[in-house]
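Novice: Okay, so here is target-v4.csv, and as you'll see once you scroll down, it has CSV, C-alpha atoms.
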```csv
chain,number,residue,atom,x,y,z
E,1,MET,CA,109.9,102.7,148.3
E,2,THR,CA,110.5,106.4,148.7
E,3,ASP,CA,108.1,109.3,149.3
E,4,ALA,CA,109.1,111.0,146.0
E,5,PRO,CA,106.3,111.5,143.6
E,6,MET,CA,106.2,109.3,140.5
E,7,PRO,CA,107.6,111.2,137.5
E,8,PRO,CA,104.7,112.2,135.2
E,9,GLN,CA,106.3,110.2,132.3
E,10,ASP,CA,106.2,107.1,134.4
E,11,GLY,CA,102.4,107.3,135.1
E,12,PRO,CA,100.4,104.2,134.0
E,13,TYR,CA,98.6,106.1,131.1
E,14,GLU,CA,101.9,107.4,129.8
E,15,LEU,CA,103.8,104.1,130.1
E,16,LEU,CA,101.0,102.2,128.3
E,17,SER,CA,100.8,104.9,125.6
E,18,ALA,CA,104.6,104.8,125.1
E,19,SER,CA,104.5,101.0,124.9
E,20,ARG,CA,101.8,101.0,122.3
E,21,ARG,CA,103.6,103.6,120.2
E,22,LEU,CA,106.8,101.6,120.3
E,23,THR,CA,105.0,98.4,119.4
E,24,ARG,CA,103.6,100.1,116.3
E,25,ARG,CA,107.0,101.4,115.4
E,26,VAL,CA,108.6,98.0,115.6
E,27,ARG,CA,105.7,96.5,113.5
E,28,HIS,CA,106.2,99.1,110.8
E,29,ALA,CA,109.9,98.5,110.8
E,30,GLN,CA,109.4,94.8,110.3
E,31,ARG,CA,107.0,95.1,107.4
E,32,GLY,CA,108.1,94.4,103.8
E,33,THR,CA,104.8,93.5,102.3
E,34,TRP,CA,105.6,95.1,98.9
E,35,PHE,CA,108.3,92.5,98.1
E,36,PRO,CA,106.2,89.2,98.2
E,37,LEU,CA,103.4,91.0,96.3
E,38,LEU,CA,105.9,92.1,93.6
E,39,LEU,CA,107.4,88.7,93.4
E,40,PHE,CA,104.0,87.0,93.0
E,41,ALA,CA,102.9,89.5,90.4
E,42,THR,CA,106.0,88.7,88.4
E,43,LEU,CA,105.5,85.0,88.8
E,44,THR,CA,101.9,85.3,87.7
E,45,LEU,CA,102.8,87.3,84.6
E,46,ALA,CA,105.6,84.9,83.8
E,47,SER,CA,103.1,82.0,84.0
E,48,VAL,CA,101.0,83.4,81.1
E,49,PRO,CA,103.0,82.0,78.2
E,50,ILE,CA,103.6,78.7,80.1
E,51,THR,CA,100.0,78.2,80.9
E,52,LEU,CA,98.6,79.2,77.5
E,53,ASN,CA,101.2,77.5,75.2
E,54,SER,CA,101.6,74.2,77.0
E,55,ARG,CA,97.9,73.5,77.5
E,56,HIS,CA,96.7,70.4,75.7
E,57,PRO,CA,93.5,68.3,75.7
E,58,PHE,CA,93.5,65.4,78.0
E,59,ASP,CA,91.0,62.5,78.5
E,60,CYS,CA,88.8,63.5,75.6
E,61,ARG,CA,85.3,61.9,75.4
E,62,VAL,CA,82.5,61.9,72.8
E,63,VAL,CA,79.4,63.8,73.9
E,64,GLN,CA,76.2,64.8,72.2
E,65,ALA,CA,77.6,68.2,71.1
E,66,GLY,CA,80.8,66.6,69.8
E,67,LYS,CA,83.9,66.1,72.0
E,68,ALA,CA,84.7,67.1,75.6
E,69,CYS,CA,88.2,67.3,76.9
E,70,VAL,CA,90.0,68.2,80.2
E,71,ALA,CA,92.5,71.0,79.6
E,72,PHE,CA,95.8,70.3,81.3
E,73,SER,CA,99.1,72.2,81.3
E,74,PRO,CA,101.9,69.9,82.4
E,75,ALA,CA,104.5,72.7,82.2
E,76,ALA,CA,102.4,74.9,84.5
E,77,SER,CA,102.0,72.0,87.0
E,78,VAL,CA,105.8,71.9,87.2
E,79,TYR,CA,106.3,75.7,87.0
E,80,TRP,CA,104.1,76.7,89.9
E,81,PRO,CA,105.2,74.5,92.7
E,82,LEU,CA,108.9,75.1,91.8
E,83,ALA,CA,108.3,78.9,91.4
E,84,LEU,CA,106.4,79.2,94.7
E,85,VAL,CA,108.9,77.3,96.7
E,86,LEU,CA,111.8,79.4,95.3
E,87,ALA,CA,109.7,82.5,95.9
E,88,TYR,CA,109.3,81.7,99.6
E,89,VAL,CA,113.0,81.1,99.9
E,90,ALA,CA,113.6,84.5,98.3
E,91,ILE,CA,111.1,86.1,100.6
E,92,ALA,CA,112.7,84.6,103.7
E,93,ALA,CA,116.1,85.8,102.5
E,94,PHE,CA,114.7,89.3,101.9
E,95,TYR,CA,113.1,89.6,105.3
E,96,VAL,CA,116.3,88.2,107.1
E,97,HIS,CA,118.5,90.7,105.2
E,98,ARG,CA,116.1,93.6,106.1
E,99,SER,CA,116.0,92.5,109.7
E,100,TYR,CA,119.8,92.8,109.9
E,101,ARG,CA,119.8,96.2,108.1
E,102,ARG,CA,117.0,97.7,110.2
E,103,GLY,CA,118.1,96.1,113.5
E,104,VAL,CA,114.8,94.4,114.4
E,105,GLY,CA,114.0,90.7,114.3
E,106,THR,CA,111.6,89.2,111.9
E,107,ARG,CA,108.7,86.7,112.4
E,108,ILE,CA,108.6,85.6,108.8
E,109,GLY,CA,109.2,81.9,109.5
E,110,PRO,CA,105.5,80.9,109.9
E,111,TYR,CA,104.6,82.7,106.6
E,112,VAL,CA,107.3,80.9,104.6
E,113,VAL,CA,106.5,77.5,106.0
E,114,THR,CA,102.8,77.9,105.6
E,115,GLY,CA,103.2,79.3,102.1
E,116,ILE,CA,105.3,76.2,101.0
E,117,ILE,CA,102.8,73.8,102.6
E,118,ILE,CA,99.8,75.5,100.9
E,119,ALA,CA,101.7,75.5,97.6
E,120,VAL,CA,102.4,71.7,97.8
E,121,VAL,CA,98.9,70.9,98.9
E,122,ALA,CA,97.3,73.0,96.2
E,123,THR,CA,99.5,71.4,93.6
E,124,GLY,CA,98.5,67.9,94.8
E,125,ALA,CA,94.8,68.9,94.9
E,126,SER,CA,95.0,70.4,91.4
E,127,LEU,CA,96.6,67.3,89.9
E,128,TRP,CA,94.1,65.1,91.6
E,129,LEU,CA,91.2,67.1,90.3
E,130,VAL,CA,92.6,66.9,86.7
E,131,THR,CA,93.2,63.2,86.9
E,132,HIS,CA,89.8,62.4,88.5
E,133,PRO,CA,87.3,64.4,86.5
E,134,ASP,CA,84.6,61.6,86.7
E,135,VAL,CA,84.1,62.5,90.4
E,136,PHE,CA,82.6,65.8,89.3
E,137,GLY,CA,80.3,64.5,86.6
E,138,TYR,CA,82.7,64.7,83.6
E,139,PRO,CA,82.0,64.8,80.6
E,140,ALA,CA,79.1,67.0,81.6
E,141,PRO,CA,80.0,70.7,81.8
E,142,PRO,CA,81.5,71.6,85.2
E,143,SER,CA,79.1,73.0,87.8
E,144,PRO,CA,79.7,76.2,89.6
E,145,ALA,CA,80.8,74.1,92.6
E,146,THR,CA,83.3,72.2,90.5
E,147,LEU,CA,84.7,75.5,89.1
E,148,PHE,CA,84.9,76.7,92.7
E,149,LEU,CA,87.0,73.7,93.6
E,150,TYR,CA,89.3,74.1,90.7
E,151,ARG,CA,89.9,77.8,91.6
E,152,LEU,CA,90.4,76.8,95.3
E,153,ALA,CA,93.2,74.4,94.2
E,154,SER,CA,94.9,77.0,92.0
E,155,PRO,CA,98.3,78.5,92.6
E,156,GLU,CA,96.7,81.9,92.7
E,157,THR,CA,94.5,80.9,95.7
E,158,ALA,CA,97.6,79.4,97.4
E,159,ILE,CA,99.2,82.8,97.1
E,160,GLY,CA,96.1,84.5,98.5
E,161,LEU,CA,95.8,82.1,101.5
E,162,ALA,CA,99.4,82.6,102.4
E,163,LEU,CA,98.9,86.4,102.2
E,164,LEU,CA,96.4,86.0,105.0
E,165,VAL,CA,99.1,84.3,107.1
E,166,LEU,CA,101.5,87.2,106.3
E,167,ALA,CA,98.8,89.7,107.4
E,168,ARG,CA,98.7,87.8,110.7
E,169,VAL,CA,102.5,87.6,111.0
E,170,GLU,CA,102.9,91.3,110.3
E,171,ARG,CA,99.8,92.3,112.3
E,172,ASN,CA,98.8,94.2,109.1
E,173,ARG,CA,95.0,94.9,108.8
E,174,ALA,CA,95.5,96.6,105.4
E,175,LEU,CA,97.1,93.4,104.1
E,176,LEU,CA,94.3,91.3,105.5
E,177,VAL,CA,91.7,93.3,103.6
E,178,PHE,CA,93.9,93.2,100.5
E,179,GLY,CA,94.3,89.4,100.8
E,180,LEU,CA,90.6,88.9,101.2
E,181,VAL,CA,89.8,91.1,98.2
E,182,TYR,CA,92.4,89.3,96.1
E,183,LEU,CA,91.0,85.9,97.2
E,184,VAL,CA,87.4,87.0,96.2
E,185,ILE,CA,88.7,87.9,92.7
E,186,VAL,CA,90.7,84.7,92.3
E,187,VAL,CA,88.1,82.3,93.6
E,188,PHE,CA,84.8,83.9,92.4
E,189,GLY,CA,85.9,86.1,89.5
E,190,ARG,CA,84.4,84.9,86.2
E,191,PHE,CA,85.9,86.1,82.9
E,192,PRO,CA,84.4,85.7,79.5
E,193,PRO,CA,85.8,83.3,76.8
E,194,PRO,CA,87.7,83.0,74.6
E,195,ASN,CA,90.5,84.6,76.6
E,196,ALA,CA,89.2,83.7,80.1
E,197,THR,CA,92.5,82.3,81.3
E,198,LEU,CA,94.6,85.1,79.9
E,199,THR,CA,92.3,87.7,81.4
E,200,PHE,CA,92.3,85.9,84.7
E,201,LEU,CA,96.1,85.8,84.9
E,202,VAL,CA,96.6,89.4,83.8
E,203,ILE,CA,94.0,90.7,86.3
E,204,THR,CA,95.4,88.8,89.2
E,205,ALA,CA,98.9,89.9,88.4
E,206,ALA,CA,97.7,93.5,88.1
E,207,VAL,CA,96.0,93.3,91.4
E,208,LEU,CA,99.2,92.0,93.1
E,209,LEU,CA,101.3,94.6,91.3
E,210,LEU,CA,99.0,97.5,92.4
E,211,GLY,CA,99.0,96.1,95.9
E,212,SER,CA,102.8,96.0,95.9
E,213,ILE,CA,103.0,99.6,94.8
E,214,GLY,CA,100.5,100.7,97.4
E,215,PHE,CA,102.2,99.0,100.3
E,216,ALA,CA,105.6,100.3,99.2
E,217,LEU,CA,104.3,103.8,99.2
E,218,ALA,CA,102.6,103.3,102.6
E,219,GLU,CA,105.8,101.9,104.1
E,220,ARG,CA,107.8,104.8,102.7
E,221,ARG,CA,105.4,107.3,104.2
E,222,THR,CA,105.3,105.7,107.6
E,223,ARG,CA,109.1,105.4,107.8
E,224,ARG,CA,109.8,109.0,106.8
E,225,PRO,CA,108.6,110.8,110.0
E,226,ALA,CA,110.4,108.3,112.2
E,227,ARG,CA,113.8,109.5,111.0
G,1,MET,CA,91.0,92.0,150.1
G,2,THR,CA,93.0,92.1,146.9
G,3,GLU,CA,96.4,93.7,146.8
G,4,HIS,CA,96.6,97.2,145.3
G,5,PRO,CA,98.2,97.0,141.9
G,6,VAL,CA,100.9,99.5,142.8
G,7,ASN,CA,102.3,97.0,145.2
G,8,GLY,CA,102.9,94.5,142.4
G,9,LEU,CA,105.0,97.0,140.3
G,10,ASP,CA,108.6,95.9,139.7
G,11,ASP,CA,111.0,98.9,140.2
G,12,ILE,CA,113.3,97.5,137.5
G,13,VAL,CA,110.6,97.3,134.9
G,14,HIS,CA,108.4,100.2,136.0
G,15,GLN,CA,110.5,102.8,134.3
G,16,ARG,CA,109.8,104.4,130.9
G,17,VAL,CA,113.0,103.5,129.1
G,18,ARG,CA,113.3,100.0,130.5
G,19,LEU,CA,109.7,99.2,129.8
G,20,GLY,CA,110.3,100.5,126.3
G,21,ILE,CA,113.3,98.2,125.8
G,22,LEU,CA,111.3,95.2,127.0
G,23,THR,CA,108.4,96.2,124.7
G,24,ILE,CA,110.5,96.5,121.7
G,25,ALA,CA,112.5,93.3,122.4
G,26,HIS,CA,109.2,91.5,122.9
G,27,GLU,CA,107.8,92.7,119.6
G,28,ALA,CA,111.0,92.3,117.6
G,29,ARG,CA,112.2,89.1,119.3
G,30,ARG,CA,115.7,90.4,118.6
G,31,VAL,CA,116.6,94.0,118.4
G,32,GLU,CA,119.9,95.9,117.6
G,33,PHE,CA,121.3,98.5,119.9
G,34,GLY,CA,121.1,101.2,117.3
G,35,PHE,CA,117.4,100.7,116.7
G,36,LEU,CA,116.8,100.9,120.5
G,37,ARG,CA,118.8,104.1,120.7
G,38,THR,CA,116.9,105.7,117.9
G,39,ALA,CA,113.5,104.5,119.0
G,40,LEU,CA,114.0,105.5,122.6
G,41,GLU,CA,115.9,108.7,121.8
G,42,LEU,CA,118.8,108.0,124.1
G,43,THR,CA,122.5,108.4,124.1
G,44,ALA,CA,124.6,105.2,123.8
G,45,GLY,CA,125.8,105.6,127.4
G,46,ASN,CA,122.3,106.0,128.8
G,47,LEU,CA,120.9,103.1,126.9
G,48,GLY,CA,123.9,101.0,127.9
G,49,GLN,CA,123.2,101.7,131.6
G,50,HIS,CA,119.5,100.7,131.3
G,51,LEU,CA,120.5,97.5,129.4
G,52,SER,CA,123.0,96.6,132.1
G,53,VAL,CA,120.2,96.9,134.8
G,54,LEU,CA,118.0,94.6,132.7
G,55,GLU,CA,120.7,92.2,132.0
G,56,ASN,CA,121.8,91.9,135.6
G,57,ALA,CA,118.2,91.2,136.5
G,58,GLY,CA,118.1,88.4,133.9
G,59,LEU,CA,115.4,90.1,131.8
G,60,VAL,CA,117.4,90.5,128.6
G,61,HIS,CA,120.3,88.6,127.0
G,62,ILE,CA,122.9,90.7,125.2
G,63,GLU,CA,124.8,89.3,122.2
G,64,LYS,CA,127.8,91.1,120.8
G,65,GLY,CA,129.2,90.4,117.4
G,66,TYR,CA,130.4,91.8,114.2
G,67,GLU,CA,128.8,92.4,110.8
G,68,GLY,CA,131.8,92.7,108.6
G,69,LYS,CA,134.0,95.1,110.5
G,70,ARG,CA,131.1,96.9,112.2
G,71,PRO,CA,130.4,95.9,115.8
G,72,ARG,CA,126.8,95.0,116.5
G,73,THR,CA,125.0,94.4,119.8
G,74,TRP,CA,121.7,92.5,119.7
G,75,VAL,CA,119.3,92.4,122.6
G,76,ASN,CA,117.0,89.4,123.2
G,77,LEU,CA,114.2,89.1,125.8
G,78,THR,CA,114.6,86.2,128.2
G,79,PRO,CA,111.6,84.2,129.4
G,80,ALA,CA,111.9,86.1,132.7
G,81,GLY,CA,111.8,89.4,130.8
G,82,ASP,CA,108.8,88.3,128.9
G,83,LYS,CA,107.0,87.4,132.1
G,84,ALA,CA,108.1,90.7,133.8
G,85,LEU,CA,106.7,92.7,130.9
G,86,GLY,CA,103.4,90.8,131.0
G,87,ASP,CA,103.1,91.4,134.7
G,88,GLU,CA,103.9,95.1,134.4
G,89,ILE,CA,101.4,95.6,131.7
G,90,ALA,CA,98.7,93.7,133.7
G,91,HIS,CA,99.5,95.9,136.7
G,92,LEU,CA,99.3,99.1,134.7
G,93,LYS,CA,96.0,98.1,133.3
G,94,ARG,CA,94.6,97.2,136.7
G,95,LEU,CA,95.9,100.5,138.0
G,96,ILE,CA,94.2,102.5,135.3
G,97,GLN,CA,91.0,100.5,135.8
G,98,GLN,CA,91.0,101.3,139.6
G,99,VAL,CA,91.7,105.0,138.9
G,100,GLU,CA,88.9,105.1,136.4
G,101,GLN,CA,86.5,103.4,138.8
G,102,ALA,CA,87.5,105.9,141.5
G,103,THR,CA,87.1,109.0,139.3
G,104,PRO,CA,84.0,108.8,137.1
G,105,CYS,CA,85.0,111.9,135.1
G,106,PRO,CA,86.4,111.2,131.6
G,107,PRO,CA,90.2,111.3,131.1
G,108,THR,CA,91.6,114.7,130.3
G,109,ALA,CA,93.9,115.5,127.4
G,110,ALA,CA,96.9,114.9,129.7
G,111,GLU,CA,95.5,111.4,130.3
G,112,PRO,CA,94.9,109.9,126.9
G,113,THR,CA,92.4,107.0,126.7
G,114,ILE,CA,94.3,103.7,126.3
G,115,ASP,CA,92.8,100.9,124.2
G,116,THR,CA,93.6,98.1,126.6
G,117,SER,CA,92.4,95.5,124.1
G,118,GLU,CA,95.4,96.5,121.9
G,119,ALA,CA,97.8,93.7,122.6
G,120,ALA,CA,100.6,96.1,121.9
G,121,ALA,CA,101.5,96.9,125.3
G,122,GLY,CA,103.6,93.8,125.5
G,123,ARG,CA,101.2,91.1,124.5
G,124,SER,CA,101.2,90.4,120.8
G,125,VAL,CA,98.1,89.6,118.8
```
Starting from the coordinates I provided, produce the structure as structure tokens.

Specialist:
Amino acid sequence: MTDAPMPPQDGPYELLSASRRLTRRVRHAQRGTWFPLLLFATLTLASVPITLNSRHPFDCRVVQAGKACVAFSPAASVYWPLALVLAYVAIAAFYVHRSYRRGVGTRIGPYVVTGIIIAVVATGASLWLVTHPDVFGYPAPPSPATLFLYRLASPETAIGLALLVLARVERNRALLVFGLVYLVIVVFGRFPPPNATLTFLVITAAVLLLGSIGFALAERRTRRPAR
Amino acid sequence: MTEHPVNGLDDIVHQRVRLGILTIAHEARRVEFGFLRTALELTAGNLGQHLSVLENAGLVHIEKGYEGKRPRTWVNLTPAGDKALGDEIAHLKRLIQQVEQATPCPPTAAEPTIDTSEAAAGRSV
């Protein structure tokens, strides 16, 4: 050790400040939130004709008021798991490509793996709910708790839950808030008939699209002064 | 009596640029030479010297390769580098704590308050 004084820039306050600043800079460089949001908005919009046109009554029963049926869309139950898995592969490719271009590694692995697991579990749960309506008192009209379960097992919820994982991976508080708001809309939002499904899909797609635009603008703004 | 935190500081890590390299490599897992140079505002030669010091100490691993025809150098943090960064951050925090305990007056503008709960300084959330 020498008797030379410590350079002012190597003082503990300055070193910790610089570390914190660099950490933030890396985190900003790693973020690409707009892409998954845009992709999921597109997939949700693309699901509208599939969901609405392929829906048909299933397991119909005679009730006092006439007939009760479970609505089921076989095409949507194939479309969503396939679309979600392909979307996560595309998201992984996007982040890896960006990582090479920007020169910083990516931590996207846990998001992609969790997203695929949630998508598969949600699809399984959704199919089980449709094929076991008696468990929830069918043919009586579904209770709010049953509707909550149906929404919980929906692909839109699967997207929202995975967004929370992405918020954790990117250490992105804004995305955490966005993900929670999106989940509240998806799980608790009630839309009036006769176009409840269409309204639900359009609103969720619009929320994702607006989120994508907002995050893209925010990323652009934070990158500009760094150059 | 506990050891004064200054005694635990590692001369290799306790330096602005080298601590910066370790912090970035920790956060990014893998970082390219060009990103480090821009983020730390250094010349290629200067950065190369600091990287050599860290590599010789076993704190980083340097991979050289090509992306198309363009040479690329990637820096990875080794487990020893990860530990050295954690130790340095812990020592710096203890040092600040001791300084603040010794001087009850609030920090001046030249001594900005650090949010030590922020994992940033080397420890990720």

Novice: Compute the set of chain E residues within 12 Å of chain G, using all atoms listed in the file, and express it as a PyMOL selection string.

Specialist: chain E and resi 1-2+6-31+96-97+99-108+167-173+226-227

Novice: How would you write as a PyMOL selection string the residues that get within 8 Å of (113.4, 89.6, 131.0) in the file's frame, counting all atoms listed in the file?

Specialist: chain G and resi 22+54-55+57-60+77-85

Novice: Have a look at E:Val120, E:Val165, E:Val113, E:Ala65 and name the one nearest to Trp80 (chain E); count only C-alpha atoms.

Specialist: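 The answer is E:Val120, which sits nearest to Trp80 (chain E).
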
Novice: Provide the CA of Thr51 (chain E) to CA of Ala83 (chain E) distance in Å, to one decimal place.

Specialist: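 Atom-to-atom, CA of Thr51 (chain E) to CA of Ala83 (chain E), that is 13.4 Å.
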
Novice: Please measure the separation of CA of Gly179 (chain E) and CA of Ala71 (chain E), giving the value in Å to one decimal.

Specialist: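 Taking CA of Gly179 (chain E) and CA of Ala71 (chain E), their separation equals 28.1 Å.
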
Novice: As an exercise, work out the distance from CA of Val70 (chain E) to CA of Ala158 (chain E) in Å and give it to one decimal place.

Specialist: 21.9 Å

Novice: Could you please fill out region 213-223 of chain E with all heavy atoms and send it back as an mmCIF file, keeping the file's coordinate frame?

Specialist:
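Result file rebuild_26.cif:
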```cif
data_model
loop_
_atom_site.group_PDB
_atom_site.id
_atom_site.type_symbol
_atom_site.label_atom_id
_atom_site.label_comp_id
_atom_site.auth_asym_id
_atom_site.auth_seq_id
_atom_site.Cartn_x
_atom_site.Cartn_y
_atom_site.Cartn_z
ATOM 1 N N ILE E 213 102.736 98.205 94.869
ATOM 2 C CA ILE E 213 103.000 99.600 94.800
ATOM 3 C C ILE E 213 102.401 100.385 95.953
ATOM 4 O O ILE E 213 103.039 101.211 96.612
ATOM 5 C CB ILE E 213 102.532 100.223 93.418
ATOM 6 C CG1 ILE E 213 103.342 99.618 92.268
ATOM 7 C CG2 ILE E 213 102.631 101.739 93.396
ATOM 8 C CD1 ILE E 213 102.754 99.854 90.888
ATOM 9 N N GLY E 214 101.158 100.065 96.249
ATOM 10 C CA GLY E 214 100.500 100.700 97.400
ATOM 11 C C GLY E 214 101.138 100.495 98.686
ATOM 12 O O GLY E 214 101.355 101.444 99.452
ATOM 13 N N PHE E 215 101.518 99.246 98.966
ATOM 14 C CA PHE E 215 102.200 99.000 100.300
ATOM 15 C C PHE E 215 103.566 99.585 100.319
ATOM 16 O O PHE E 215 104.002 100.021 101.386
ATOM 17 C CB PHE E 215 102.238 97.448 100.502
ATOM 18 C CG PHE E 215 100.935 96.892 101.006
ATOM 19 C CD1 PHE E 215 100.089 96.172 100.174
ATOM 20 C CD2 PHE E 215 100.537 97.102 102.315
ATOM 21 C CE1 PHE E 215 98.878 95.682 100.627
ATOM 22 C CE2 PHE E 215 99.324 96.610 102.787
ATOM 23 C CZ PHE E 215 98.484 95.903 101.941
ATOM 24 N N ALA E 216 104.256 99.630 99.170
ATOM 25 C CA ALA E 216 105.600 100.300 99.200
ATOM 26 C C ALA E 216 105.465 101.739 99.497
ATOM 27 O O ALA E 216 106.243 102.272 100.303
ATOM 28 C CB ALA E 216 106.245 100.079 97.794
ATOM 29 N N LEU E 217 104.470 102.395 98.906
ATOM 30 C CA LEU E 217 104.300 103.800 99.200
ATOM 31 C C LEU E 217 103.886 104.055 100.637
ATOM 32 O O LEU E 217 104.378 104.971 101.289
ATOM 33 C CB LEU E 217 103.201 104.413 98.244
ATOM 34 C CG LEU E 217 103.597 104.502 96.769
ATOM 35 C CD1 LEU E 217 102.409 104.947 95.922
ATOM 36 C CD2 LEU E 217 104.768 105.466 96.576
ATOM 37 N N ALA E 218 103.013 103.183 101.158
ATOM 38 C CA ALA E 218 102.600 103.300 102.600
ATOM 39 C C ALA E 218 103.744 103.112 103.514
ATOM 40 O O ALA E 218 103.898 103.863 104.490
ATOM 41 C CB ALA E 218 101.464 102.327 102.846
ATOM 42 N N GLU E 219 104.590 102.121 103.214
ATOM 43 C CA GLU E 219 105.800 101.900 104.100
ATOM 44 C C GLU E 219 106.727 103.039 104.051
ATOM 45 O O GLU E 219 107.294 103.419 105.065
ATOM 46 C CB GLU E 219 106.474 100.582 103.645
ATOM 47 C CG GLU E 219 105.780 99.318 104.132
ATOM 48 C CD GLU E 219 106.338 98.047 103.492
ATOM 49 O OE1 GLU E 219 107.537 98.007 103.172
ATOM 50 O OE2 GLU E 219 105.552 97.106 103.301
ATOM 51 N N ARG E 220 106.884 103.609 102.888
ATOM 52 C CA ARG E 220 107.800 104.800 102.700
ATOM 53 C C ARG E 220 107.286 105.948 103.551
ATOM 54 O O ARG E 220 108.043 106.642 104.194
ATOM 55 C CB ARG E 220 107.823 105.138 101.256
ATOM 56 C CG ARG E 220 109.181 105.517 100.771
ATOM 57 C CD ARG E 220 109.050 105.840 99.325
ATOM 58 N NE ARG E 220 109.885 106.981 99.044
ATOM 59 C CZ ARG E 220 110.687 107.054 98.016
ATOM 60 N NH1 ARG E 220 110.761 106.068 97.177
ATOM 61 N NH2 ARG E 220 111.412 108.115 97.824
ATOM 62 N N ARG E 221 105.955 106.144 103.477
ATOM 63 C CA ARG E 221 105.400 107.300 104.200
ATOM 64 C C ARG E 221 105.455 107.125 105.691
ATOM 65 O O ARG E 221 105.728 108.064 106.404
ATOM 66 C CB ARG E 221 103.886 107.409 103.771
ATOM 67 C CG ARG E 221 103.371 108.826 103.822
ATOM 68 C CD ARG E 221 101.930 108.889 103.416
ATOM 69 N NE ARG E 221 101.133 107.958 104.196
ATOM 70 C CZ ARG E 221 99.968 107.455 103.811
ATOM 71 N NH1 ARG E 221 99.485 107.761 102.639
ATOM 72 N NH2 ARG E 221 99.288 106.649 104.585
ATOM 73 N N THR E 222 105.274 105.895 106.185
ATOM 74 C CA THR E 222 105.300 105.700 107.600
ATOM 75 C C THR E 222 106.753 105.737 108.163
ATOM 76 O O THR E 222 106.979 106.042 109.313
ATOM 77 C CB THR E 222 104.690 104.360 108.068
ATOM 78 O OG1 THR E 222 105.233 103.323 107.275
ATOM 79 C CG2 THR E 222 103.192 104.382 107.981
ATOM 80 N N ARG E 223 107.713 105.413 107.316
ATOM 81 C CA ARG E 223 109.100 105.400 107.800
ATOM 82 C C ARG E 223 109.687 106.842 107.816
ATOM 83 O O ARG E 223 110.568 107.134 108.604
ATOM 84 C CB ARG E 223 109.981 104.577 106.847
ATOM 85 C CG ARG E 223 110.098 103.149 107.324
ATOM 86 C CD ARG E 223 110.743 102.301 106.271
ATOM 87 N NE ARG E 223 112.110 102.728 105.976
ATOM 88 C CZ ARG E 223 113.149 102.494 106.749
ATOM 89 N NH1 ARG E 223 112.997 101.849 107.867
ATOM 90 N NH2 ARG E 223 114.355 102.892 106.414
#
```
